[in-house]
Amino acid sequence: MSSLPKPNEIHIERLNKSYASPGAGHLHYIIQDVDLVVKGGEFFVLLGPSGCGKSTLLSLIAGFVSKTSGQVRVGEKEVDRPGQDRAVVFQQADSSLFPWLTVRENVEFGLRMKRIPAAKRKEVSDRFIGLVGLRGHENKFPRELSGGMKQRVQLARVLSNDPSILLMDEPFGALDAMTRRTMQRELVNIWRDTDKTVILVTHDIQEALLLGGRIGIMSAGPSSQITHIYDVPLAYPRDMSAPEFHALYNRIQAHFEE
Amino acid sequence: MNGNFKKTSLNIAFWIGILVLWQLISLIYGPEILPGPLYTAKGGYELLADGTLLQYIGISAYRVLLGWTLGSLIAVPVGILIGKVGAIRAFAEPFLNFIRFIPPIAFITLFLVWFGIGETSKVMLIMYATFFIVILNTLTGVLSVEEDKIRSARSMGASEWQIVIHVIIPATVPYIFTGIRLAMGTSFMAIIGAEMIASNEGVGYLIWNSRLFFRTDWIFVGLICLGLMGFLTDRAVALLGRKLLSRYGVVSTSSLRR
């Protein structure tokens, strides 16, 4: 039971990403000796200041960039390239959605690549377009949608491929505050209905506390590491005015004031 | 509606103004130096009546359209290949930037030697005029496809080939379109040069040959035909682009500057 890792578990051991600094004879580390275990079905938040290498860590898990040394395992498999088990929601919907495809065609993209018949594709896309609340917008193009709606398309697009892991790189960073709250609430609901593992990168402490089951704090770069991990023992949906919320907020805030 | 009407009447007034000015100046210098609009119209009627004008327009348009179509058809895949494969690009880019400064006209003599005095040399010249502009624009388009699009396609299970077909080509369409539209302009320049130097038919031949009879009015007829042909083909291409390619972000309505 304990020996076989679940396919949506992530093990990271002594992970390094570095590049040779031009001129200087030494290596420049973006992240150095990162250890992390994210359990299957967990909502894990990576929290850190801008430029701390949290996006790099996410890209390493996604398989977009190659590591310098160490290990990244998803289930039993060593990550060496992008895979359909790990879906990525990017910060900028405009750069990641396909503007020449309608909402439905965007959501069906992965299924089309797998040559799944049209009727089945429609069934799946109907379901996830409905889940993210975009019914009635199926035939619009991304440019006709608001920022929040575009992020919903991104979410539906990755969910339709049924990944076991969702990697989200500041997905709500470009949204206005009200839309962001709604999206955060809905993401928690979607996550709770599935057994997907979520790793979400953010620099917003409040967002981290609203979403994360655990929060990993990354130190400022270079040579970033995960310095602390906080359990967030609060029930969803979380109440921002609760004293426990405040207490945790202040403790985490203290890391960034040094 | 009202604004449109005002614009149209201003436009008509402008052209009438040009014609009046043209007529006035021609009265000062005499028809041998500057044939007026009436005189030119008479010359144009002569050429129309004996059939030469339509025949010449036809042959020039045929050469341009054939060479331009063939050139574009070859250039687009080549541009995508150069853009996609870094190893090829390393060799191709300096070469492209060397050769694009050699105007098509400079090749006329060589092309006559290589491809003969007939149609082939003219069509090849137009292909040359088209080829590098379309390649460079396609290449630029491929290089400016956002990394997020490619990454998201890859993590949704698209193969490298599917990424080319379903991401890179659609994302590059506006660049390709700009390239072929610009190439239309250089094709006209090239064909006129070629017809002046080595042809017995075509609008370029008409302009060049009219000097022997001192028929400046025929020269004007040729010039006006060129302007009209260029204008109409550009509008036709733009219209086709807008109708067929709007989902790819081709929206240009006004003429491109060359």
# chains A, B, ... in the order shown; residues from 1 in each chain; ligands from 1
>>> interface_residues(of="chain A", to="chain B", cutoff="8 Å", atoms="only C-alpha atoms", output="list in words")
Ala62, Phe64, Pro82, Gly83, Gln84, Arg86, Ala87, Val88, Phe90, Ser95, Ser96, Leu97, Phe98, Pro99, Trp100, Leu101, Phe109, Gly110, Met113, Lys114, Val158 and Asn161 of chain A
>>> write_last_selection(atoms="C-alpha atoms", output="JSON list (two decimals), in the first residue's frame")
[["chain", "number", "residue", "atom", "x", "y", "z"],
["A", 62, "ALA", "CA", 5.38, 20.32, -16.28],
["A", 64, "PHE", "CA", 8.79, 22.34, -20.18],
["A", 82, "PRO", "CA", 5.33, 17.45, -20.96],
["A", 83, "GLY", "CA", 2.60, 14.86, -20.57],
["A", 84, "GLN", "CA", -1.16, 14.72, -20.61],
["A", 86, "ARG", "CA", 0.00, 17.18, -16.05],
["A", 87, "ALA", "CA", -2.19, 20.00, -17.35],
["A", 88, "VAL", "CA", -0.97, 23.56, -17.21],
["A", 90, "PHE", "CA", -1.02, 29.70, -17.74],
["A", 95, "SER", "CA", -0.88, 33.88, -25.06],
["A", 96, "SER", "CA", -2.00, 30.33, -24.36],
["A", 97, "LEU", "CA", -5.50, 30.09, -25.85],
["A", 98, "PHE", "CA", -5.81, 29.64, -29.60],
["A", 99, "PRO", "CA", -7.50, 32.83, -30.86],
["A", 100, "TRP", "CA", -8.49, 31.23, -34.19],
["A", 101, "LEU", "CA", -10.59, 28.61, -32.43],
["A", 109, "PHE", "CA", -8.28, 20.75, -28.78],
["A", 110, "GLY", "CA", -6.65, 17.98, -26.75],
["A", 113, "MET", "CA", -5.24, 15.74, -31.13],
["A", 114, "LYS", "CA", -6.11, 12.28, -29.82],
["A", 158, "VAL", "CA", -7.26, 21.33, -19.60],
["A", 161, "ASN", "CA", -8.17, 16.00, -21.13]]
>>> residues_around(residues="range 150-154 of chain A", least_positions_apart="5", cutoff="7 Å", atoms="only C-alpha atoms", output="compact mmCIF listing (two decimals) with all heavy atoms, in the first residue's frame")
# COMPACT_ATOMS: atom_id res chain seq x y z
N VAL A 89 -2.28 25.49 -16.52
CA VAL A 89 -3.07 26.69 -16.75
C VAL A 89 -2.13 27.87 -16.62
O VAL A 89 -1.51 28.08 -15.58
CB VAL A 89 -4.22 26.80 -15.73
CG1 VAL A 89 -4.97 28.11 -15.89
CG2 VAL A 89 -5.17 25.62 -15.89
N ALA A 93 -4.00 34.15 -20.45
CA ALA A 93 -4.88 33.38 -21.33
C ALA A 93 -4.66 33.78 -22.78
O ALA A 93 -4.75 32.96 -23.69
CB ALA A 93 -6.34 33.60 -20.94
N LEU A 97 -4.33 30.56 -25.09
CA LEU A 97 -5.50 30.09 -25.85
C LEU A 97 -5.23 30.26 -27.34
O LEU A 97 -4.37 31.04 -27.74
CB LEU A 97 -6.74 30.90 -25.47
CG LEU A 97 -7.33 30.62 -24.09
CD1 LEU A 97 -8.52 31.53 -23.83
CD2 LEU A 97 -7.75 29.17 -23.94
N VAL A 103 -14.56 28.96 -28.41
CA VAL A 103 -14.47 28.40 -27.07
C VAL A 103 -14.55 26.87 -27.13
O VAL A 103 -13.72 26.16 -26.58
CB VAL A 103 -15.60 28.97 -26.19
CG1 VAL A 103 -15.72 28.19 -24.89
CG2 VAL A 103 -15.36 30.45 -25.90
N VAL A 107 -11.66 24.09 -26.20
CA VAL A 107 -11.86 23.06 -25.17
C VAL A 107 -11.65 21.66 -25.75
O VAL A 107 -11.18 20.76 -25.07
CB VAL A 107 -13.26 23.22 -24.53
CG1 VAL A 107 -13.55 22.08 -23.57
CG2 VAL A 107 -13.36 24.56 -23.81
N VAL A 132 -17.50 25.12 -16.00
CA VAL A 132 -16.84 26.41 -15.72
C VAL A 132 -17.79 27.58 -15.98
O VAL A 132 -17.36 28.74 -15.92
CB VAL A 132 -15.55 26.59 -16.54
CG1 VAL A 132 -14.55 25.49 -16.22
CG2 VAL A 132 -15.85 26.62 -18.03
N PRO A 142 -12.05 33.73 -28.36
CA PRO A 142 -11.47 34.27 -27.13
C PRO A 142 -11.47 35.80 -27.08
O PRO A 142 -11.69 36.37 -26.01
CB PRO A 142 -10.04 33.72 -27.16
CG PRO A 142 -10.15 32.43 -27.89
CD PRO A 142 -11.23 32.65 -28.93
N LEU A 145 -14.27 37.52 -25.28
CA LEU A 145 -14.52 37.19 -23.88
C LEU A 145 -13.73 38.11 -22.95
O LEU A 145 -12.70 38.66 -23.32
CB LEU A 145 -14.10 35.75 -23.60
CG LEU A 145 -14.72 34.65 -24.46
CD1 LEU A 145 -14.15 33.30 -24.07
CD2 LEU A 145 -16.23 34.64 -24.33
>>> residues_around(residues="Asn189 in chain A", least_positions_apart="2", cutoff="12 Å", atoms="only C-alpha atoms", output="ChimeraX atom specification")
/A:43,131-132,182-187,191-196,211,236-238
>>> residues_around(residues="range 29-39 of chain B", least_positions_apart="5", cutoff="10 Å", atoms="only C-alpha atoms", output="PyMOL selection string")
chain B and resi 18-24+44-45+214-221
>>> closest_residue(among="B:Ile169, B:Leu112, B:Ala90, B:Ala183", to="Leu65 in chain B", atoms="only C-alpha atoms")
B:Ala183
>>> select_by_dssp(residues="range 96-179 of chain B", states="helix (DSSP H, G or I)", output="ChimeraX atom specification")
/B:96-99,104-115,119-143,147-155,160-179
>>> write_last_selection(atoms="C-alpha atoms", output="mmCIF file, in the first residue's frame")
data_model
loop_
_atom_site.group_PDB
_atom_site.id
_atom_site.type_symbol
_atom_site.label_atom_id
_atom_site.label_comp_id
_atom_site.auth_asym_id
_atom_site.auth_seq_id
_atom_site.Cartn_x
_atom_site.Cartn_y
_atom_site.Cartn_z
ATOM 1 C CA LEU B 96 18.126 35.280 -46.868
ATOM 2 C CA ASN B 97 19.304 38.602 -45.546
ATOM 3 C CA PHE B 98 22.001 38.696 -48.212
ATOM 4 C CA ILE B 99 19.804 37.826 -51.149
ATOM 5 C CA PRO B 104 14.609 40.970 -59.087
ATOM 6 C CA ILE B 105 15.444 43.339 -61.978
ATOM 7 C CA ALA B 106 19.132 42.695 -61.388
ATOM 8 C CA PHE B 107 18.559 39.056 -62.304
ATOM 9 C CA ILE B 108 16.820 39.631 -65.629
ATOM 10 C CA THR B 109 19.808 38.985 -67.845
ATOM 11 C CA LEU B 110 20.758 35.844 -65.972
ATOM 12 C CA PHE B 111 17.215 34.531 -65.993
ATOM 13 C CA LEU B 112 17.040 35.081 -69.755
ATOM 14 C CA VAL B 113 20.202 33.046 -70.150
ATOM 15 C CA TRP B 114 18.994 30.325 -67.809
ATOM 16 C CA PHE B 115 15.323 30.068 -68.704
ATOM 17 C CA GLU B 119 7.394 32.943 -70.517
ATOM 18 C CA THR B 120 9.484 30.819 -68.146
ATOM 19 C CA SER B 121 12.050 33.510 -67.451
ATOM 20 C CA LYS B 122 9.349 36.064 -66.590
ATOM 21 C CA VAL B 123 7.424 33.697 -64.355
ATOM 22 C CA MET B 124 10.654 32.673 -62.636
ATOM 23 C CA LEU B 125 11.482 36.314 -62.067
ATOM 24 C CA ILE B 126 8.122 36.906 -60.396
ATOM 25 C CA MET B 127 8.655 33.790 -58.313
ATOM 26 C CA TYR B 128 11.993 35.192 -57.196
ATOM 27 C CA ALA B 129 10.364 38.527 -56.389
ATOM 28 C CA THR B 130 7.727 36.743 -54.311
ATOM 29 C CA PHE B 131 9.790 34.017 -52.740
ATOM 30 C CA PHE B 132 12.024 35.842 -50.290
ATOM 31 C CA ILE B 133 9.442 38.299 -49.049
ATOM 32 C CA VAL B 134 7.016 35.496 -48.272
ATOM 33 C CA ILE B 135 9.735 33.355 -46.672
ATOM 34 C CA LEU B 136 10.906 36.170 -44.426
ATOM 35 C CA ASN B 137 7.400 37.052 -43.303
ATOM 36 C CA THR B 138 6.473 33.418 -42.694
ATOM 37 C CA LEU B 139 9.699 32.915 -40.783
ATOM 38 C CA THR B 140 9.006 35.963 -38.619
ATOM 39 C CA GLY B 141 5.526 34.623 -37.946
ATOM 40 C CA VAL B 142 6.799 31.214 -36.884
ATOM 41 C CA LEU B 143 9.334 32.795 -34.567
ATOM 42 C CA GLU B 147 5.809 29.752 -26.305
ATOM 43 C CA ASP B 148 2.739 29.266 -24.087
ATOM 44 C CA LYS B 149 0.684 28.135 -27.086
ATOM 45 C CA ILE B 150 3.208 25.502 -28.054
ATOM 46 C CA ARG B 151 3.636 24.400 -24.463
ATOM 47 C CA SER B 152 -0.074 24.084 -23.832
ATOM 48 C CA ALA B 153 -0.564 22.099 -27.047
ATOM 49 C CA ARG B 154 2.293 19.839 -26.076
ATOM 50 C CA SER B 155 0.918 19.163 -22.608
ATOM 51 C CA GLU B 160 5.401 17.845 -32.931
ATOM 52 C CA TRP B 161 3.726 17.438 -36.308
ATOM 53 C CA GLN B 162 0.315 18.300 -34.863
ATOM 54 C CA ILE B 163 1.838 21.384 -33.262
ATOM 55 C CA VAL B 164 3.043 22.554 -36.679
ATOM 56 C CA ILE B 165 -0.344 21.922 -38.315
ATOM 57 C CA HIS B 166 -2.672 23.017 -35.539
ATOM 58 C CA VAL B 167 -0.696 25.723 -33.741
ATOM 59 C CA ILE B 168 2.218 27.147 -35.710
ATOM 60 C CA ILE B 169 0.537 27.453 -39.107
ATOM 61 C CA PRO B 170 -2.726 29.019 -37.864
ATOM 62 C CA ALA B 171 -0.798 31.386 -35.609
ATOM 63 C CA THR B 172 1.393 32.397 -38.565
ATOM 64 C CA VAL B 173 -1.437 33.047 -41.032
ATOM 65 C CA PRO B 174 -1.512 36.851 -40.546
ATOM 66 C CA TYR B 175 2.236 37.046 -41.232
ATOM 67 C CA ILE B 176 1.978 34.818 -44.293
ATOM 68 C CA PHE B 177 -0.877 36.935 -45.540
ATOM 69 C CA THR B 178 1.087 40.164 -45.096
ATOM 70 C CA GLY B 179 3.992 38.531 -46.912
#
>>> residues_around(residues="Leu226 in chain B", least_positions_apart="6", cutoff="10 Å", atoms="only C-alpha atoms", output="number ranges by chain")
B: 57, 60-61, 188-189, 192, 203-204, 220, 232
>>> write_last_selection(atoms="N, CA, C and O atoms", output="mmCIF file, in the first residue's frame")
data_model
loop_
_atom_site.group_PDB
_atom_site.id
_atom_site.type_symbol
_atom_site.label_atom_id
_atom_site.label_comp_id
_atom_site.auth_asym_id
_atom_site.auth_seq_id
_atom_site.Cartn_x
_atom_site.Cartn_y
_atom_site.Cartn_z
ATOM 1 N N ILE B 57 -2.670 43.722 -70.885
ATOM 2 C CA ILE B 57 -3.045 43.630 -69.463
ATOM 3 C C ILE B 57 -3.182 42.167 -69.064
ATOM 4 O O ILE B 57 -2.693 41.729 -68.024
ATOM 5 N N SER B 60 0.303 40.460 -68.779
ATOM 6 C CA SER B 60 1.042 40.901 -67.589
ATOM 7 C C SER B 60 0.415 40.325 -66.330
ATOM 8 O O SER B 60 1.117 39.834 -65.433
ATOM 9 N N ALA B 61 -0.914 40.367 -66.276
ATOM 10 C CA ALA B 61 -1.606 39.847 -65.087
ATOM 11 C C ALA B 61 -1.364 38.348 -64.951
ATOM 12 O O ALA B 61 -1.137 37.846 -63.851
ATOM 13 N N PHE B 188 4.682 43.210 -59.364
ATOM 14 C CA PHE B 188 4.360 44.183 -60.418
ATOM 15 C C PHE B 188 5.593 44.952 -60.859
ATOM 16 O O PHE B 188 5.828 45.160 -62.045
ATOM 17 N N MET B 189 6.399 45.365 -59.882
ATOM 18 C CA MET B 189 7.625 46.085 -60.245
ATOM 19 C C MET B 189 8.511 45.214 -61.119
ATOM 20 O O MET B 189 9.058 45.656 -62.121
ATOM 21 N N ILE B 192 7.156 44.611 -64.820
ATOM 22 C CA ILE B 192 7.286 45.758 -65.708
ATOM 23 C C ILE B 192 8.729 45.893 -66.182
ATOM 24 O O ILE B 192 9.006 46.083 -67.363
ATOM 25 N N VAL B 203 2.214 45.144 -70.414
ATOM 26 C CA VAL B 203 2.086 46.567 -70.132
ATOM 27 C C VAL B 203 3.462 47.242 -70.073
ATOM 28 O O VAL B 203 3.637 48.375 -70.520
ATOM 29 N N GLY B 204 4.450 46.535 -69.557
ATOM 30 C CA GLY B 204 5.806 47.079 -69.519
ATOM 31 C C GLY B 204 6.326 47.323 -70.921
ATOM 32 O O GLY B 204 6.954 48.355 -71.207
ATOM 33 N N PHE B 220 1.109 57.009 -70.705
ATOM 34 C CA PHE B 220 0.173 57.318 -69.612
ATOM 35 C C PHE B 220 -0.890 56.241 -69.465
ATOM 36 O O PHE B 220 -1.266 55.866 -68.355
ATOM 37 N N LEU B 232 -6.493 47.012 -57.843
ATOM 38 C CA LEU B 232 -7.585 46.031 -57.825
ATOM 39 C C LEU B 232 -7.137 44.678 -57.254
ATOM 40 O O LEU B 232 -7.858 44.072 -56.464
#
>>> select_by_dssp(residues="range 2-226 of chain A", states="strand (DSSP E)", output="PyMOL selection string")
chain A and resi 10-20+27-38+43-47+69-74+77-78+86-89+165-169+197-202+214-218+226
>>> closest_residue(among="B:Gly51, B:Gly86, B:Gly185, B:Gly43", to="Phe231 in chain B", atoms="only C-alpha atoms")
B:Gly185
>>> closest_residue(among="A:Val198, A:Ala174, A:Leu111, A:Met240", to="Arg157 in chain A", atoms="only C-alpha atoms")
A:Leu111
>>> atom_distance(atom1="CA of Ser224 in chain A", atom2="CA of Met168 in chain A")
19.1 Å
>>> residues_around(residues="Leu209 in chain A", least_positions_apart="4", cutoff="10 Å", atoms="only C-alpha atoms", output="PyMOL selection string")
chain A and resi 45+47+204-205+213-215+230-232+234+238-240+245-246+248-249+252
